[in-house]
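Below is one structure, written out as structure tokens; comments come after it.
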Amino acid sequence: MSINLTTEQQAVIQRAIQSGLVRSVDEFIDSAIGALANRSGEFDKAKARLAGERIRELRKGVRLDLKGMPILELAHVGHKY
């Protein structure tokens with residue numbers, strides 16, 4: 001299938017990629033199809049899978065070492081009471 005995009009459509013896709021909203025043209029198209037399909041209640045599992053993949057990608061290399069500190073205490077670090 002061939003798809004011809006307008007200049008504005010191409011610019012929208014490029015901005016989405018540059019902003020990190022999507023990683024590629026294929027991901028943009030998958031997201032758009034998922035959004036349309038979701039209106040009719042279809043592809044919810046596919047959308048959830050894509051969201052999970054994106055979250056896992058964003059979390060790569062992220063480590064949280066609390067060294068025994070409770071999360072509640074960490075949330076107040078640096079606050080002035």
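A note on labels: chains of the structure tokens are A, B, ... as shown, every chain counts residues from 1, and ligands are counted from 1 in their shown order.
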
Write out as a PDB file with all heavy atoms, in the first residue's frame each polymer residue whose atoms come within 12 Å of Val12 in chain A, counting only C-alpha atoms; drop sequence neighbours fewer than 5 positions from it.
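This is the output file result-v9.pdb:
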```
ATOM      1  N   LEU A   5       1.497  11.605   1.977  1.00  0.00           N
ATOM      2  CA  LEU A   5       1.209  12.539   3.053  1.00  0.00           C
ATOM      3  C   LEU A   5       1.425  13.965   2.583  1.00  0.00           C
ATOM      4  O   LEU A   5       2.324  14.236   1.789  1.00  0.00           O
ATOM      5  CB  LEU A   5       2.126  12.268   4.244  1.00  0.00           C
ATOM      6  CG  LEU A   5       2.049  10.882   4.870  1.00  0.00           C
ATOM      7  CD1 LEU A   5       3.111  10.731   5.943  1.00  0.00           C
ATOM      8  CD2 LEU A   5       0.673  10.639   5.457  1.00  0.00           C
ATOM      9  N   THR A   6       0.619  14.860   3.136  1.00  0.00           N
ATOM     10  CA  THR A   6       0.824  16.274   2.852  1.00  0.00           C
ATOM     11  C   THR A   6       2.045  16.743   3.633  1.00  0.00           C
ATOM     12  O   THR A   6       2.516  16.065   4.566  1.00  0.00           O
ATOM     13  CB  THR A   6      -0.393  17.113   3.284  1.00  0.00           C
ATOM     14  OG1 THR A   6      -0.501  17.049   4.707  1.00  0.00           O
ATOM     15  CG2 THR A   6      -1.670  16.628   2.609  1.00  0.00           C
ATOM     16  N   THR A   7       2.533  17.906   3.291  1.00  0.00           N
ATOM     17  CA  THR A   7       3.683  18.478   3.994  1.00  0.00           C
ATOM     18  C   THR A   7       3.358  18.677   5.471  1.00  0.00           C
ATOM     19  O   THR A   7       4.186  18.399   6.341  1.00  0.00           O
ATOM     20  CB  THR A   7       4.087  19.819   3.348  1.00  0.00           C
ATOM     21  OG1 THR A   7       4.348  19.590   1.960  1.00  0.00           O
ATOM     22  CG2 THR A   7       5.306  20.402   3.992  1.00  0.00           C
ATOM     23  N   ILE A  17       7.920  12.649  16.653  1.00  0.00           N
ATOM     24  CA  ILE A  17       9.152  11.868  16.837  1.00  0.00           C
ATOM     25  C   ILE A  17      10.178  12.682  17.623  1.00  0.00           C
ATOM     26  O   ILE A  17      10.780  12.201  18.578  1.00  0.00           O
ATOM     27  CB  ILE A  17       9.717  11.405  15.486  1.00  0.00           C
ATOM     28  CG1 ILE A  17       8.771  10.383  14.844  1.00  0.00           C
ATOM     29  CG2 ILE A  17      11.120  10.822  15.655  1.00  0.00           C
ATOM     30  CD1 ILE A  17       9.106  10.041  13.396  1.00  0.00           C
ATOM     31  N   GLN A  18      10.372  13.940  17.229  1.00  0.00           N
ATOM     32  CA  GLN A  18      11.365  14.791  17.888  1.00  0.00           C
ATOM     33  C   GLN A  18      11.025  15.054  19.358  1.00  0.00           C
ATOM     34  O   GLN A  18      11.913  15.169  20.189  1.00  0.00           O
ATOM     35  CB  GLN A  18      11.514  16.111  17.131  1.00  0.00           C
ATOM     36  CG  GLN A  18      12.182  15.944  15.796  1.00  0.00           C
ATOM     37  CD  GLN A  18      12.103  17.189  14.922  1.00  0.00           C
ATOM     38  OE1 GLN A  18      11.394  18.141  15.226  1.00  0.00           O
ATOM     39  NE2 GLN A  18      12.828  17.160  13.813  1.00  0.00           N
ATOM     40  N   SER A  19       9.747  15.127  19.666  1.00  0.00           N
ATOM     41  CA  SER A  19       9.333  15.385  21.045  1.00  0.00           C
ATOM     42  C   SER A  19       9.387  14.129  21.906  1.00  0.00           C
ATOM     43  O   SER A  19       9.241  14.198  23.117  1.00  0.00           O
ATOM     44  CB  SER A  19       7.919  15.966  21.079  1.00  0.00           C
ATOM     45  OG  SER A  19       6.972  14.972  20.725  1.00  0.00           O
ATOM     46  N   LEU A  21       7.224  11.652  21.649  1.00  0.00           N
ATOM     47  CA  LEU A  21       5.883  11.073  21.777  1.00  0.00           C
ATOM     48  C   LEU A  21       5.838   9.684  21.141  1.00  0.00           C
ATOM     49  O   LEU A  21       5.213   8.769  21.672  1.00  0.00           O
ATOM     50  CB  LEU A  21       4.859  11.993  21.118  1.00  0.00           C
ATOM     51  CG  LEU A  21       3.399  11.612  21.249  1.00  0.00           C
ATOM     52  CD1 LEU A  21       2.975  11.587  22.708  1.00  0.00           C
ATOM     53  CD2 LEU A  21       2.522  12.587  20.473  1.00  0.00           C
ATOM     54  N   VAL A  22       6.501   9.527  20.006  1.00  0.00           N
ATOM     55  CA  VAL A  22       6.660   8.240  19.333  1.00  0.00           C
ATOM     56  C   VAL A  22       8.110   8.122  18.888  1.00  0.00           C
ATOM     57  O   VAL A  22       8.832   9.122  18.817  1.00  0.00           O
ATOM     58  CB  VAL A  22       5.715   8.089  18.111  1.00  0.00           C
ATOM     59  CG1 VAL A  22       4.269   8.046  18.543  1.00  0.00           C
ATOM     60  CG2 VAL A  22       5.954   9.169  17.095  1.00  0.00           C
ATOM     61  N   VAL A  25       7.896   6.508  12.487  1.00  0.00           N
ATOM     62  CA  VAL A  25       6.685   6.685  11.693  1.00  0.00           C
ATOM     63  C   VAL A  25       5.760   5.493  11.913  1.00  0.00           C
ATOM     64  O   VAL A  25       4.541   5.661  12.072  1.00  0.00           O
ATOM     65  CB  VAL A  25       7.030   6.844  10.199  1.00  0.00           C
ATOM     66  CG1 VAL A  25       5.769   6.889   9.347  1.00  0.00           C
ATOM     67  CG2 VAL A  25       7.866   8.101   9.973  1.00  0.00           C
ATOM     68  N   PHE A  28       3.959   5.894  15.113  1.00  0.00           N
ATOM     69  CA  PHE A  28       2.941   6.935  14.973  1.00  0.00           C
ATOM     70  C   PHE A  28       1.687   6.362  14.332  1.00  0.00           C
ATOM     71  O   PHE A  28       0.573   6.570  14.813  1.00  0.00           O
ATOM     72  CB  PHE A  28       3.493   8.090  14.125  1.00  0.00           C
ATOM     73  CG  PHE A  28       2.543   9.243  14.001  1.00  0.00           C
ATOM     74  CD1 PHE A  28       2.604  10.307  14.875  1.00  0.00           C
ATOM     75  CD2 PHE A  28       1.587   9.267  12.999  1.00  0.00           C
ATOM     76  CE1 PHE A  28       1.723  11.376  14.769  1.00  0.00           C
ATOM     77  CE2 PHE A  28       0.701  10.322  12.879  1.00  0.00           C
ATOM     78  CZ  PHE A  28       0.771  11.384  13.768  1.00  0.00           C
ATOM     79  N   ILE A  29       1.876   5.615  13.255  1.00  0.00           N
ATOM     80  CA  ILE A  29       0.737   5.017  12.547  1.00  0.00           C
ATOM     81  C   ILE A  29       0.023   4.013  13.443  1.00  0.00           C
ATOM     82  O   ILE A  29      -1.204   4.000  13.516  1.00  0.00           O
ATOM     83  CB  ILE A  29       1.195   4.375  11.221  1.00  0.00           C
ATOM     84  CG1 ILE A  29       1.647   5.479  10.259  1.00  0.00           C
ATOM     85  CG2 ILE A  29       0.083   3.529  10.600  1.00  0.00           C
ATOM     86  CD1 ILE A  29       2.351   4.974   9.020  1.00  0.00           C
TER      87      ILE A  29
END
```

Pairwise distance, CA of Ser31 in chain A with CA of Leu58 in chain A, equals 17.1 Å

Every residue of chain A that DSSP places in alpha helix (DSSP H), as an MDAnalysis selection string | chainID A and resid 7:19 25:38 44:59 71:75

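The residue that comes closest to Glu53 in chain A, out of A:Arg15, A:Gln10, A:Glu27, A:Asp65 and on the basis of only C-alpha atoms, is A:Glu27.
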
Nearest to Leu50 in chain A by atom-to-atom distance, counting only C-alpha atoms, from A:Glu73, A:Ala16, A:Ala35, A:Asp30 |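 Closest residue, counting only C-alpha atoms: A:Asp30.
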
Residue with smallest distance to Arg49 in chain A - pool A:Pro70, A:Gly34, A:Asp26, A:Asn4, counting only C-alpha atoms |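 Of A:Pro70, A:Gly34, A:Asp26, A:Asn4, the one nearest Arg49 in chain A is A:Gly34, counting only C-alpha atoms.
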